[in-house]
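The next block is start14.cif, given as mmCIF, C-alpha atoms and all ligand atoms.
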```
data_upload
#
loop_
_atom_site.label_atom_id
_atom_site.label_comp_id
_atom_site.auth_asym_id
_atom_site.auth_seq_id
_atom_site.Cartn_x
_atom_site.Cartn_y
_atom_site.Cartn_z
CA MET X 211 -69.55 6.80 115.92
CA PRO X 212 -70.12 6.19 112.21
CA ARG X 213 -67.76 3.69 110.74
CA VAL X 214 -67.38 5.37 107.37
CA SER X 215 -64.41 7.61 107.22
CA ALA X 216 -66.34 10.44 105.58
CA GLY X 217 -65.98 12.41 108.77
CA ILE X 218 -62.24 12.54 108.41
CA SER X 219 -61.41 16.19 108.71
CA THR X 220 -62.90 18.90 106.60
CA GLY X 221 -62.12 20.47 103.24
CA PHE X 222 -60.03 18.29 101.00
CA PHE X 223 -60.55 15.13 103.05
CA ALA X 224 -64.30 15.57 103.44
CA ARG X 225 -64.65 14.23 99.90
CA TYR X 226 -63.15 10.96 100.97
CA ALA X 227 -65.38 8.15 102.24
CA SER X 228 -64.63 4.52 102.99
CA ALA X 229 -65.83 2.11 100.33
CA LEU X 230 -65.48 -0.85 102.66
CA PRO X 231 -68.59 -2.93 103.37
CA GLN X 232 -70.12 -2.53 106.84
CA ASP X 233 -69.96 -6.28 107.54
CA MET X 234 -66.38 -6.71 106.41
CA LYS X 235 -64.53 -9.83 107.53
CA TYR X 236 -60.94 -8.88 108.19
CA ASP X 237 -58.01 -11.15 107.43
CA PHE X 238 -55.70 -11.98 110.33
CA ASP X 239 -54.44 -15.27 108.86
CA THR X 240 -52.33 -14.12 105.94
CA VAL X 241 -48.63 -14.06 106.73
CA ILE X 242 -47.28 -10.79 105.32
CA PRO X 243 -43.52 -10.82 104.63
CA ARG X 244 -41.85 -8.05 106.63
CA ARG X 245 -38.13 -8.76 106.41
CA GLY X 246 -35.88 -6.11 104.93
CA GLN X 247 -38.58 -3.47 105.16
CA GLY X 248 -36.78 -1.52 107.86
CA ASN X 249 -38.76 -2.61 110.88
CA ILE X 250 -37.29 -3.21 114.32
CA LYS X 251 -39.04 -6.53 114.86
CA TYR X 252 -37.56 -8.39 111.87
CA ASP X 253 -34.54 -6.38 110.87
CA ARG X 254 -32.76 -5.82 114.18
CA ARG X 255 -31.60 -9.45 114.26
CA PRO X 256 -32.43 -10.68 110.73
CA GLU X 257 -30.96 -14.12 111.43
CA LEU X 258 -33.61 -14.82 114.10
CA ASP X 259 -37.34 -15.55 114.09
CA PRO X 260 -38.89 -12.67 116.01
CA PHE X 261 -41.56 -12.93 118.71
CA TRP X 262 -40.26 -10.10 120.84
CA VAL X 263 -41.19 -6.40 120.47
CA ALA X 264 -44.86 -5.41 120.93
CA ASP X 265 -45.66 -5.01 117.26
CA MET X 266 -48.20 -7.31 115.60
CA ASP X 267 -47.79 -9.09 112.27
CA PHE X 268 -51.27 -8.06 111.10
CA ALA X 269 -52.04 -5.48 108.47
CA SER X 270 -53.51 -2.46 110.18
CA ALA X 271 -57.24 -1.84 109.74
CA PRO X 272 -58.05 -1.09 106.08
CA GLU X 273 -59.95 1.99 107.27
CA ILE X 274 -56.65 3.37 108.59
CA GLN X 275 -54.83 2.45 105.41
CA GLU X 276 -57.49 4.33 103.42
CA ALA X 277 -57.19 7.41 105.59
CA LEU X 278 -53.42 7.43 105.21
CA ILE X 279 -53.65 6.99 101.45
CA ALA X 280 -56.09 9.89 101.31
CA ARG X 281 -53.67 12.04 103.31
CA VAL X 282 -50.71 11.03 101.15
CA LYS X 283 -52.66 12.10 98.10
CA HIS X 284 -52.74 15.64 99.39
CA PRO X 285 -49.20 16.46 98.34
CA ILE X 286 -48.18 18.97 100.99
CA TYR X 287 -46.70 17.55 104.16
CA GLY X 288 -46.03 20.67 106.22
CA TYR X 289 -46.13 21.08 110.01
CA ALA X 290 -49.24 19.51 111.42
CA GLN X 291 -51.51 20.00 114.39
CA ALA X 292 -54.44 18.00 115.70
CA HIS X 293 -57.36 18.83 113.41
CA GLN X 294 -60.94 19.19 114.61
CA GLY X 295 -61.99 15.80 113.23
CA LEU X 296 -59.33 14.07 115.33
CA ILE X 297 -60.13 16.07 118.44
CA ASP X 298 -63.84 15.26 118.11
CA ALA X 299 -63.14 11.55 117.49
CA THR X 300 -60.75 11.35 120.47
CA LEU X 301 -63.08 13.09 122.92
CA GLN X 302 -65.93 10.87 121.73
CA TYR X 303 -63.76 7.77 122.11
CA LEU X 304 -62.80 8.74 125.67
CA GLN X 305 -66.43 9.33 126.54
CA ASP X 306 -67.95 6.27 124.83
CA ARG X 307 -65.27 3.68 125.56
CA HIS X 308 -63.92 4.91 128.89
CA GLN X 309 -66.65 7.13 130.32
CA VAL X 310 -64.12 9.93 130.61
CA VAL X 311 -65.47 13.36 129.75
CA VAL X 312 -62.74 15.89 129.08
CA SER X 313 -62.21 18.81 126.73
CA ALA X 314 -59.64 19.48 124.03
CA ASP X 315 -57.64 21.57 126.54
CA HIS X 316 -57.01 18.45 128.58
CA ILE X 317 -55.23 16.62 125.77
CA VAL X 318 -51.49 16.95 125.16
CA TRP X 319 -50.52 15.39 121.83
CA LEU X 320 -47.27 13.45 121.81
CA GLY X 321 -45.16 11.41 119.43
CA GLY X 322 -45.09 8.40 121.76
CA LEU X 323 -45.69 7.18 125.27
CA VAL X 324 -42.08 6.49 126.15
CA PRO X 325 -41.10 10.13 125.59
CA ALA X 326 -44.06 11.01 127.81
CA LEU X 327 -42.75 8.77 130.62
CA SER X 328 -39.40 10.47 130.33
CA LEU X 329 -40.99 13.94 130.35
CA ALA X 330 -42.94 13.04 133.47
CA VAL X 331 -39.76 12.08 135.31
CA LYS X 332 -38.09 15.34 134.23
CA ALA X 333 -41.16 17.38 135.14
CA PHE X 334 -41.79 15.97 138.59
CA CYS X 335 -38.44 14.70 139.93
CA GLN X 336 -35.37 16.63 141.00
CA PRO X 337 -31.89 15.14 141.45
CA GLY X 338 -31.92 12.96 144.58
CA GLU X 339 -35.62 12.15 144.23
CA ALA X 340 -37.14 8.84 143.16
CA VAL X 341 -39.65 7.08 140.92
CA MET X 342 -41.56 3.97 141.97
CA THR X 343 -42.86 1.21 139.74
CA CYS X 344 -43.64 -2.51 139.91
CA THR X 345 -41.94 -5.42 138.18
CA PRO X 346 -41.94 -7.23 135.86
CA SER X 347 -42.25 -4.11 133.84
CA TYR X 348 -42.03 -2.83 130.29
CA PRO X 349 -38.26 -2.03 130.22
CA PRO X 350 -38.45 1.77 129.73
CA PHE X 351 -40.27 1.97 133.09
CA LEU X 352 -37.03 0.76 134.64
CA ASN X 353 -34.85 3.16 132.69
CA VAL X 354 -36.56 6.50 132.07
CA HIS X 355 -35.38 7.81 135.43
CA HIS X 356 -31.87 7.96 133.90
CA ASP X 357 -33.16 10.72 131.61
CA ALA X 358 -33.38 13.02 134.62
CA ARG X 359 -30.12 13.50 136.47
CA ALA X 360 -29.61 11.50 139.69
CA VAL X 361 -33.19 10.31 139.97
CA GLU X 362 -33.50 6.88 141.57
CA LEU X 363 -35.79 3.96 140.87
CA ILE X 364 -37.65 1.96 143.49
CA SER X 365 -39.06 -1.18 141.91
CA ILE X 366 -41.44 -3.43 143.81
CA PRO X 367 -42.34 -6.91 142.51
CA HIS X 368 -45.97 -7.56 141.65
CA VAL X 369 -47.39 -10.44 143.69
CA GLN X 370 -49.97 -13.12 142.98
CA GLN X 371 -53.17 -13.28 145.00
CA GLN X 372 -55.68 -15.99 144.18
CA GLY X 373 -53.83 -16.64 140.94
CA ARG X 374 -53.93 -12.99 139.79
CA TRP X 375 -51.04 -10.56 139.73
CA THR X 376 -51.60 -7.47 141.81
CA PHE X 377 -49.79 -4.74 143.75
CA ASP X 378 -47.88 -5.50 146.92
CA PHE X 379 -49.10 -2.46 148.83
CA GLU X 380 -47.36 -3.64 151.99
CA ALA X 381 -43.97 -3.66 150.25
CA MET X 382 -44.75 -0.38 148.53
CA GLU X 383 -45.45 1.23 151.92
CA LYS X 384 -42.29 -0.30 153.32
CA PHE X 385 -39.93 0.87 150.58
CA ILE X 386 -41.34 4.26 149.65
CA THR X 387 -39.15 7.18 150.68
CA PRO X 388 -40.05 10.82 151.29
CA GLN X 389 -38.01 11.56 148.14
CA THR X 390 -40.34 9.51 145.92
CA LYS X 391 -42.37 11.78 143.63
CA LEU X 392 -43.79 9.64 140.85
CA PHE X 393 -45.45 6.28 140.34
CA LEU X 394 -45.35 4.67 136.89
CA LEU X 395 -48.29 2.35 136.25
CA SER X 396 -48.81 0.04 133.28
CA ASN X 397 -52.50 -0.83 132.90
CA PRO X 398 -53.27 -3.24 131.28
CA GLN X 399 -49.99 -4.50 132.58
CA ASN X 400 -47.19 -5.30 130.17
CA PRO X 401 -45.98 -8.07 130.45
CA LEU X 402 -48.44 -9.63 132.93
CA GLY X 403 -51.56 -9.04 130.86
CA ARG X 404 -53.51 -7.98 133.96
CA VAL X 405 -56.32 -5.44 133.72
CA PHE X 406 -56.42 -3.83 137.13
CA SER X 407 -59.80 -3.48 138.81
CA TYR X 408 -61.41 -0.29 140.06
CA ASP X 409 -60.63 -1.25 143.65
CA GLU X 410 -56.97 -1.95 142.96
CA LEU X 411 -56.60 1.35 141.14
CA LEU X 412 -58.43 3.27 143.81
CA GLN X 413 -56.09 1.79 146.39
CA LEU X 414 -53.15 2.82 144.23
CA ALA X 415 -54.49 6.36 143.86
CA GLN X 416 -54.93 6.54 147.64
CA PHE X 417 -51.35 5.33 148.07
CA CYS X 418 -50.19 8.08 145.68
CA GLN X 419 -52.24 10.68 147.53
CA ARG X 420 -50.91 9.58 150.91
CA HIS X 421 -47.33 9.93 149.68
CA ASP X 422 -47.96 12.91 147.40
CA LEU X 423 -46.94 11.12 144.20
CA VAL X 424 -47.89 11.94 140.65
CA LEU X 425 -49.50 8.86 139.12
CA VAL X 426 -48.59 8.29 135.48
CA SER X 427 -50.97 5.70 134.07
CA ASP X 428 -49.69 4.20 130.82
CA GLU X 429 -52.77 2.72 129.14
CA ILE X 430 -51.38 1.99 125.69
CA HIS X 431 -52.86 -1.55 125.78
CA CYS X 432 -56.29 -0.52 127.07
CA ASP X 433 -58.24 -1.46 123.93
CA LEU X 434 -56.72 -4.94 123.86
CA ILE X 435 -58.87 -6.60 126.53
CA PHE X 436 -60.43 -9.95 125.73
CA ASP X 437 -63.51 -9.72 127.92
CA GLU X 438 -64.37 -6.08 128.45
CA THR X 439 -67.44 -7.02 130.49
CA GLN X 440 -65.57 -9.17 133.02
CA THR X 441 -62.41 -7.08 133.15
CA PRO X 442 -63.29 -3.58 131.95
CA HIS X 443 -60.50 -1.08 131.56
CA ILE X 444 -60.56 1.62 134.21
CA CYS X 445 -58.95 4.73 132.87
CA GLY X 446 -56.94 6.85 135.34
CA HIS X 447 -59.47 9.61 134.84
CA ARG X 448 -62.36 7.31 135.78
CA LEU X 449 -61.13 7.42 139.36
CA PRO X 450 -62.80 10.01 141.60
CA ALA X 451 -62.08 13.63 140.68
CA GLU X 452 -60.26 14.24 143.97
CA TYR X 453 -57.30 12.29 142.51
CA HIS X 454 -57.17 14.04 139.14
CA ASP X 455 -54.77 16.71 140.35
CA ARG X 456 -52.08 14.00 140.40
CA ILE X 457 -53.06 11.75 137.47
CA ILE X 458 -51.60 11.73 133.97
CA THR X 459 -53.24 9.19 131.69
CA LEU X 460 -51.24 8.21 128.62
CA LEU X 461 -53.08 6.76 125.65
CA SER X 462 -52.65 5.90 122.00
CA PRO X 463 -54.36 3.81 119.34
CA SER X 464 -50.88 2.62 118.34
CA LYS X 465 -50.75 -0.86 119.90
CA THR X 466 -54.36 -1.78 119.20
CA TYR X 467 -54.27 -0.82 115.55
CA ASN X 468 -50.64 -1.76 114.88
CA ILE X 469 -49.58 1.75 113.92
CA ALA X 470 -46.75 2.17 116.42
CA GLY X 471 -44.33 3.11 113.63
CA ILE X 472 -46.40 6.18 112.81
CA GLY X 473 -45.81 7.84 116.18
CA ILE X 474 -48.96 9.21 117.77
CA ALA X 475 -49.98 9.34 121.43
CA TYR X 476 -51.49 11.75 123.92
CA ALA X 477 -51.71 12.55 127.59
CA VAL X 478 -54.94 13.38 129.38
CA ILE X 479 -54.26 15.91 132.13
CA THR X 480 -57.20 17.78 133.57
CA HIS X 481 -55.38 19.69 136.29
CA ASP X 482 -53.93 23.00 135.08
CA SER X 483 -50.68 23.18 137.03
CA LEU X 484 -49.98 19.46 136.53
CA LYS X 485 -50.39 20.01 132.79
CA ARG X 486 -48.23 23.14 132.84
CA ARG X 487 -45.40 21.35 134.62
CA PHE X 488 -45.61 18.39 132.23
CA THR X 489 -45.66 20.50 129.07
CA ALA X 490 -42.91 22.81 130.35
CA ALA X 491 -40.62 19.78 130.64
CA ARG X 492 -40.82 19.34 126.88
CA GLY X 493 -38.67 22.40 126.27
CA HIS X 494 -37.52 22.10 122.70
CA THR X 495 -36.88 18.38 122.90
CA GLN X 496 -39.99 17.15 121.09
CA SER X 497 -40.39 17.30 117.36
CA GLU X 498 -43.75 18.15 115.82
CA ILE X 499 -46.07 15.18 115.49
CA ASN X 500 -46.33 14.00 111.92
CA THR X 501 -49.50 14.54 109.97
CA PHE X 502 -49.92 10.80 109.29
CA GLY X 503 -50.12 10.06 113.00
CA TYR X 504 -53.00 12.46 113.41
CA TYR X 505 -54.94 11.04 110.48
CA ALA X 506 -54.26 7.42 111.42
CA ALA X 507 -55.49 8.10 114.97
CA GLU X 508 -58.67 9.73 113.73
CA ALA X 509 -59.43 6.80 111.43
CA ALA X 510 -58.72 4.31 114.25
CA TYR X 511 -61.11 5.99 116.66
CA ARG X 512 -63.77 6.84 114.11
CA SER X 513 -63.82 3.68 112.02
CA GLY X 514 -61.69 1.01 113.65
CA GLU X 515 -64.14 -0.68 116.01
CA PRO X 516 -65.26 -3.61 113.81
CA TRP X 517 -61.62 -4.43 113.05
CA ARG X 518 -60.73 -4.22 116.74
CA GLN X 519 -63.54 -6.58 117.70
CA GLN X 520 -62.38 -9.17 115.19
CA LEU X 521 -58.76 -8.70 116.24
CA LEU X 522 -59.69 -9.37 119.88
CA ALA X 523 -61.54 -12.56 118.96
CA TYR X 524 -58.51 -13.70 116.95
CA LEU X 525 -56.04 -12.91 119.74
CA ALA X 526 -58.23 -14.63 122.33
CA GLU X 527 -58.21 -17.77 120.21
CA ASN X 528 -54.44 -17.47 119.76
CA GLN X 529 -54.07 -17.37 123.52
CA ARG X 530 -56.32 -20.42 123.94
CA VAL X 531 -54.40 -22.40 121.29
CA MET X 532 -51.04 -21.37 122.76
CA HIS X 533 -52.01 -22.49 126.25
CA ALA X 534 -53.37 -25.82 124.99
CA TYR X 535 -50.24 -26.48 122.93
CA LEU X 536 -47.70 -25.52 125.57
CA SER X 537 -49.45 -27.28 128.44
CA ALA X 538 -49.34 -30.46 126.34
CA HIS X 539 -45.78 -30.07 124.99
CA ALA X 540 -43.91 -27.85 127.43
CA PRO X 541 -45.58 -28.16 130.83
CA GLN X 542 -42.39 -26.87 132.49
CA ILE X 543 -43.23 -23.37 131.25
CA VAL X 544 -45.61 -21.59 133.60
CA LEU X 545 -47.86 -19.41 131.48
CA ASN X 546 -49.97 -16.47 132.52
CA TRP X 547 -53.61 -16.26 131.50
CA ASN X 548 -53.81 -12.78 130.00
CA GLU X 549 -56.85 -10.59 130.50
CA GLY X 550 -55.44 -8.26 127.88
CA THR X 551 -52.51 -7.56 125.52
CA TYR X 552 -50.94 -9.98 123.05
CA LEU X 553 -47.80 -10.47 125.12
CA SER X 554 -47.41 -13.65 127.10
CA TRP X 555 -45.18 -13.76 130.18
CA MET X 556 -43.57 -17.16 130.51
CA ASP X 557 -41.99 -18.34 133.73
CA CYS X 558 -39.14 -20.63 132.67
CA ARG X 559 -37.47 -21.20 136.04
CA ALA X 560 -38.38 -24.90 136.02
CA LEU X 561 -36.20 -25.35 132.93
CA GLY X 562 -33.19 -24.49 135.06
CA TRP X 563 -31.54 -22.22 132.48
CA GLU X 564 -29.83 -19.05 133.55
CA ASN X 565 -31.06 -17.16 130.50
CA PRO X 566 -33.96 -18.77 128.60
CA ALA X 567 -34.02 -16.06 125.90
CA THR X 568 -30.38 -16.75 125.04
CA HIS X 569 -30.98 -20.49 125.20
CA TRP X 570 -33.83 -20.31 122.67
CA GLU X 571 -31.87 -17.94 120.48
CA LYS X 572 -29.05 -20.47 120.23
CA ALA X 573 -31.13 -23.65 120.22
CA SER X 574 -34.02 -22.55 117.98
CA GLY X 575 -33.14 -19.23 116.36
CA LEU X 576 -35.96 -17.51 118.25
CA PHE X 577 -35.89 -13.85 119.19
CA LEU X 578 -37.85 -13.50 122.45
CA SER X 579 -37.94 -10.69 125.00
CA ASP X 580 -35.61 -11.49 127.88
CA GLY X 581 -37.34 -11.21 131.26
CA ALA X 582 -34.15 -9.76 132.77
CA PHE X 583 -34.89 -6.51 130.91
CA PHE X 584 -38.28 -6.45 132.65
CA GLY X 585 -36.59 -6.84 136.02
CA VAL X 586 -37.23 -10.60 136.34
CA PRO X 587 -34.65 -13.02 134.88
CA GLN X 588 -35.46 -16.60 133.84
CA HIS X 589 -38.66 -15.45 132.18
CA VAL X 590 -39.40 -14.58 128.57
CA ARG X 591 -42.13 -12.58 126.89
CA PHE X 592 -43.67 -14.13 123.79
CA ASN X 593 -45.65 -12.01 121.31
CA PHE X 594 -48.70 -13.90 120.05
CA GLY X 595 -50.02 -10.97 118.00
CA CYS X 596 -49.47 -12.77 114.71
CA PRO X 597 -51.22 -15.10 112.24
CA ARG X 598 -51.92 -18.41 113.98
CA ALA X 599 -49.70 -20.33 111.59
CA ARG X 600 -46.78 -18.10 112.49
CA MET X 601 -47.50 -18.37 116.18
CA MET X 602 -47.47 -22.16 115.87
CA GLU X 603 -44.09 -22.05 114.11
CA GLY X 604 -42.74 -20.05 117.03
CA LEU X 605 -44.26 -22.35 119.63
CA GLU X 606 -42.91 -25.43 117.86
CA LYS X 607 -39.44 -23.88 117.92
CA LEU X 608 -39.90 -23.15 121.59
CA VAL X 609 -40.77 -26.77 122.29
CA LYS X 610 -37.92 -28.15 120.11
CA GLY X 611 -35.51 -25.85 121.96
CA ILE X 612 -36.42 -27.59 125.19
CA ALA X 613 -35.74 -31.04 123.77
C1 LIG Y 701 -46.64 -0.27 128.41
C2 LIG Y 701 -46.06 0.34 127.17
N1 LIG Y 701 -45.87 1.67 127.11
C3 LIG Y 701 -45.35 2.27 126.03
C4 LIG Y 701 -44.98 1.52 124.92
C5 LIG Y 701 -44.38 2.18 123.72
O1 LIG Y 701 -44.95 3.41 123.49
P1 LIG Y 701 -44.48 4.33 122.30
O2 LIG Y 701 -44.12 3.45 121.15
O3 LIG Y 701 -45.69 5.19 122.05
O4 LIG Y 701 -43.34 5.14 122.81
C6 LIG Y 701 -45.15 0.13 124.94
C7 LIG Y 701 -44.73 -0.68 123.81
O5 LIG Y 701 -44.70 -1.86 123.84
C8 LIG Y 701 -45.73 -0.46 126.09
O6 LIG Y 701 -45.93 -1.78 126.15
#
```
Would you encode the structure as C-alpha cells?
Amino acid sequence: MPRVSAGISTGFFARYASALPQDMKYDFDTVIPRRGQGNIKYDRRPELDPFWVADMDFASAPEIQEALIARVKHPIYGYAQAHQGLIDATLQYLQDRHQVVVSADHIVWLGGLVPALSLAVKAFCQPGEAVMTCTPSYPPFLNVHHDARAVELISIPHVQQQGRWTFDFEAMEKFITPQTKLFLLSNPQNPLGRVFSYDELLQLAQFCQRHDLVLVSDEIHCDLIFDETQTPHICGHRLPAEYHDRIITLLSPSKTYNIAGIGIAYAVITHDSLKRRFTAARGHTQSEINTFGYYAAEAAYRSGEPWRQQLLAYLAENQRVMHAYLSAHAPQIVLNWNEGTYLSWMDCRALGWENPATHWEKASGLFLSDGAFFGVPQHVRFNFGCPRARMMEGLEKLVKGIA
C-alpha cells in the first residue's frame, strides 16, 4: 500500500497528500504533557502517576494527524459512513497483513470493541445461559455478561506450559455447561501478552464447535507483536472456513496507533445469519460512528506502517530495559515476557501484600491496573507504552515502593 495519504478518499480529500519524507524517523522519546486535557489516563486520578489504562503516551502517527487535520478543514461534520477509501484500505490490510480475504459486506463498523463484546452477549445469550472466558482477562470480558439479563460467566484460569501461558482445555471441558453459548477470546492476550499459535486457536475453535459456542475473537492488539515471524498473529478468520459460521473477529487500529479516543472499530463476520443476529442486537443503542474515526482508520491502514515498525522496535526495547531493571532491583516481582502488547503483567505474590496496586498508590503515588479487576488479585498490570524516560520514572517508583 502506498504510504502517501493521497489515496485518502475522493473529491475534496483527493487533493491532500502527505508531505512527510518516506524515510521519516519518528519521535517516541519526547514526553508530551497530557494532564488536564480531559483524558482518562491522567485526569481520572490527577494526584497519581499513571501507568494503568491501555493508552500510550506517544503522539499518534503524523500521517494520521495529517488526515484528521485535512478532515477538520472540511467544515461540515454531518453523519458519516465508511467511505470507499477506508473500505479499500481495510480489505487490503486484512489481506496483506492477516491473509484474510473478505468483502465489504463482511465488515460491521463499530464505535469500539467493548460495545461489540456486549452486543455479542446480547445477540447470542438468553437469560439463564452463560459466557466462557479465561483469566486473567481484560476487565470488560468479566463484566459484559451483566449487560444481558441473567447471563452467567464461567471464567477459567489460563495455565503455563513450558513457560508460556495457554488455555486449560481440560478445565474448560470440565466446567462448560450446556447453557454456555459464547466464548470471549483476547488474542494477543491482554494482560498476558501471549500471541496464540495456530494450533492453540484451532483447538479452541474445535472446542467451540463441539459445544456449539460462538467464538468472539478480540484482536485489538494484533498489530502490536514484537516478532511477527516467530509469533505471527492468527486472525480468527484465518482458521479453516468450516469454523467461520461461529467466528466474530473484532479489530481496530485504535491501540496500535494510539487513537482509542477517536472511537473506531469493526467486526469481521462472514456468515450471514451470524452477522444478522449480531447486527440485530444493536437495536437503536449505537450512535453513528464519527467521521474522524473513519478517516483516522484509513490513514492508519494506508500510511501507518513505517510508524508502526518503529513503534514496535521502541516498545521491544522498553520491554528489554524494564526486565533488566526490575530483575536487578525488584527480583520479587515475577514478570511475563510479552510476545505482544505494551502491557506487562506482574506477579507480586512474593511481596506478600494483599493489594499491590493500593500499596504502590499509597507508597509511591503510582496508578497501576489492579490484577483483581482482571480476575487475579496480587498482580498488577504496568503500561510500558511510553517514552523510556517516563517508563524509568515509573519503574523507579515501583522499586522505591518496595523498599
Ligand atoms: C482486549 C481489549 N479489548 C478491547 C479494548 C477496548 O476497546 P474499545 O476502546 O474499542 O472499546 C481494550 C482496551 O484496552 C482491550 O485491551
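With distances restricted to only C-alpha atoms, X:Thr441 is the closest residue to Val405 in chain X from X:Ser365, X:Gln247, X:Thr300, X:Thr441.
Between CA of Thr480 in chain X and CA of Thr387 in chain X lies a distance of 27.0 Å.
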Hey, could you make a per-residue contact list for chain X against ligand LIG 701 (chain Y) with 9 Å as the cut-off, showing the nearest pair of atoms and its distance in Å to one decimal, counting only C-alpha atoms and all ligand atoms, sorted by chain and number, as JSON lines?
```
{"residue": "X:Val263", "atom": "CA", "partner": "Y:LIG701", "partner_atom": "O5", "distance": 6.7}
{"residue": "X:Ala264", "atom": "CA", "partner": "Y:LIG701", "partner_atom": "O5", "distance": 4.6}
{"residue": "X:Asp265", "atom": "CA", "partner": "Y:LIG701", "partner_atom": "O5", "distance": 7.4}
{"residue": "X:Leu320", "atom": "CA", "partner": "Y:LIG701", "partner_atom": "O3", "distance": 8.4}
{"residue": "X:Gly321", "atom": "CA", "partner": "Y:LIG701", "partner_atom": "O3", "distance": 6.8}
{"residue": "X:Gly322", "atom": "CA", "partner": "Y:LIG701", "partner_atom": "O3", "distance": 3.3}
{"residue": "X:Leu323", "atom": "CA", "partner": "Y:LIG701", "partner_atom": "O3", "distance": 3.8}
{"residue": "X:Val324", "atom": "CA", "partner": "Y:LIG701", "partner_atom": "O4", "distance": 3.8}
{"residue": "X:Pro325", "atom": "CA", "partner": "Y:LIG701", "partner_atom": "O4", "distance": 6.1}
{"residue": "X:Ala326", "atom": "CA", "partner": "Y:LIG701", "partner_atom": "O4", "distance": 7.7}
{"residue": "X:Leu327", "atom": "CA", "partner": "Y:LIG701", "partner_atom": "C3", "distance": 8.4}
{"residue": "X:Ser347", "atom": "CA", "partner": "Y:LIG701", "partner_atom": "C1", "distance": 8.0}
{"residue": "X:Tyr348", "atom": "CA", "partner": "Y:LIG701", "partner_atom": "C1", "distance": 5.6}
{"residue": "X:Pro349", "atom": "CA", "partner": "Y:LIG701", "partner_atom": "C8", "distance": 8.7}
{"residue": "X:Pro350", "atom": "CA", "partner": "Y:LIG701", "partner_atom": "C3", "distance": 7.8}
{"residue": "X:Phe351", "atom": "CA", "partner": "Y:LIG701", "partner_atom": "N1", "distance": 8.2}
{"residue": "X:Leu395", "atom": "CA", "partner": "Y:LIG701", "partner_atom": "C1", "distance": 8.4}
{"residue": "X:Ser396", "atom": "CA", "partner": "Y:LIG701", "partner_atom": "C1", "distance": 5.3}
{"residue": "X:Asn397", "atom": "CA", "partner": "Y:LIG701", "partner_atom": "C1", "distance": 7.4}
{"residue": "X:Pro398", "atom": "CA", "partner": "Y:LIG701", "partner_atom": "C1", "distance": 7.8}
{"residue": "X:Gln399", "atom": "CA", "partner": "Y:LIG701", "partner_atom": "C1", "distance": 6.8}
{"residue": "X:Asn400", "atom": "CA", "partner": "Y:LIG701", "partner_atom": "C1", "distance": 5.4}
{"residue": "X:Pro401", "atom": "CA", "partner": "Y:LIG701", "partner_atom": "O6", "distance": 7.6}
{"residue": "X:Asp428", "atom": "CA", "partner": "Y:LIG701", "partner_atom": "N1", "distance": 5.9}
{"residue": "X:Glu429", "atom": "CA", "partner": "Y:LIG701", "partner_atom": "C1", "distance": 6.9}
{"residue": "X:Ile430", "atom": "CA", "partner": "Y:LIG701", "partner_atom": "N1", "distance": 5.7}
{"residue": "X:His431", "atom": "CA", "partner": "Y:LIG701", "partner_atom": "C1", "distance": 6.9}
{"residue": "X:Leu460", "atom": "CA", "partner": "Y:LIG701", "partner_atom": "N1", "distance": 8.6}
{"residue": "X:Leu461", "atom": "CA", "partner": "Y:LIG701", "partner_atom": "O3", "distance": 8.4}
{"residue": "X:Ser462", "atom": "CA", "partner": "Y:LIG701", "partner_atom": "O3", "distance": 7.0}
{"residue": "X:Ser464", "atom": "CA", "partner": "Y:LIG701", "partner_atom": "O3", "distance": 6.9}
{"residue": "X:Lys465", "atom": "CA", "partner": "Y:LIG701", "partner_atom": "C7", "distance": 7.2}
{"residue": "X:Ala470", "atom": "CA", "partner": "Y:LIG701", "partner_atom": "O2", "distance": 5.6}
{"residue": "X:Gly471", "atom": "CA", "partner": "Y:LIG701", "partner_atom": "O2", "distance": 7.5}
{"residue": "X:Gly473", "atom": "CA", "partner": "Y:LIG701", "partner_atom": "O3", "distance": 6.4}
{"residue": "X:Ile474", "atom": "CA", "partner": "Y:LIG701", "partner_atom": "O3", "distance": 6.7}
{"residue": "X:Ala475", "atom": "CA", "partner": "Y:LIG701", "partner_atom": "O3", "distance": 6.0}
{"residue": "X:Tyr476", "atom": "CA", "partner": "Y:LIG701", "partner_atom": "O3", "distance": 9.0}
{"residue": "X:Thr551", "atom": "CA", "partner": "Y:LIG701", "partner_atom": "O6", "distance": 8.8}
{"residue": "X:Leu553", "atom": "CA", "partner": "Y:LIG701", "partner_atom": "O6", "distance": 8.9}
```
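With only C-alpha atoms as the atoms that count, the minimum distance from Leu301 in chain X to the choices X:Arg512, X:His443, X:Arg456, X:Arg281 is reached by X:Arg512.
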Atom pair CA of Met601 in chain X / CA of Cys432 in chain X: separation (Å): 22.7 Å
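Put simply, CA of Tyr303 in chain X is 17.6 Å away from CA of Ser427 in chain X.
Take the candidates X:His481, X:Phe385, X:Gly595, X:Ala573 and check each one against Ala269 in chain X using all atoms listed in the file; the shortest distance goes to X:Gly595.
Comparing the minimum interatomic distances between His447 in chain X and each of X:Val310, X:Ile435, X:Leu521, X:Cys344, counting only C-alpha atoms, we find that X:Val310 sits nearest.
Nearest to Glu603 in chain X of all the residues X:Asp580, X:Ser574, X:Glu362, X:Pro516 is X:Ser574, counting all atoms listed in the file.
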Give me, as a PyMOL selection string, all polymer residues having an atom no more than 6 Å from Pro346 in chain X, counting all atoms listed in the file and skipping those fewer than 3 positions away in the same chain. chain X and resi 584-586
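Of the residues listed (X:Gln520, X:Ser483, X:Gln294, X:Asn249), X:Gln294 shows the shortest atom-to-atom separation from Tyr504 in chain X; distances use all atoms listed in the file.
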Residues of range 480-520 of chain X at most 12 Å from range 409-424 of chain X: nearest atom pair and distance in Å, all atoms listed in the file, as a tab-separated table:
```
residue	atom	partner	partner_atom	distance
X:His481	CA	X:Val424	CA	11.6
X:Leu484	CA	X:Val424	CA	8.8
X:Lys485	CA	X:Val424	CA	11.5
X:Arg487	CA	X:Val424	CA	11.5
X:Phe488	CA	X:Val424	CA	10.8
```
Write out as a PyMOL selection string each polymer residue whose atoms come within 7 Å of Arg404 in chain X, counting only C-alpha atoms; drop sequence neighbours fewer than 2 positions from it. chain X and resi 375+398-399+402+406+548-550
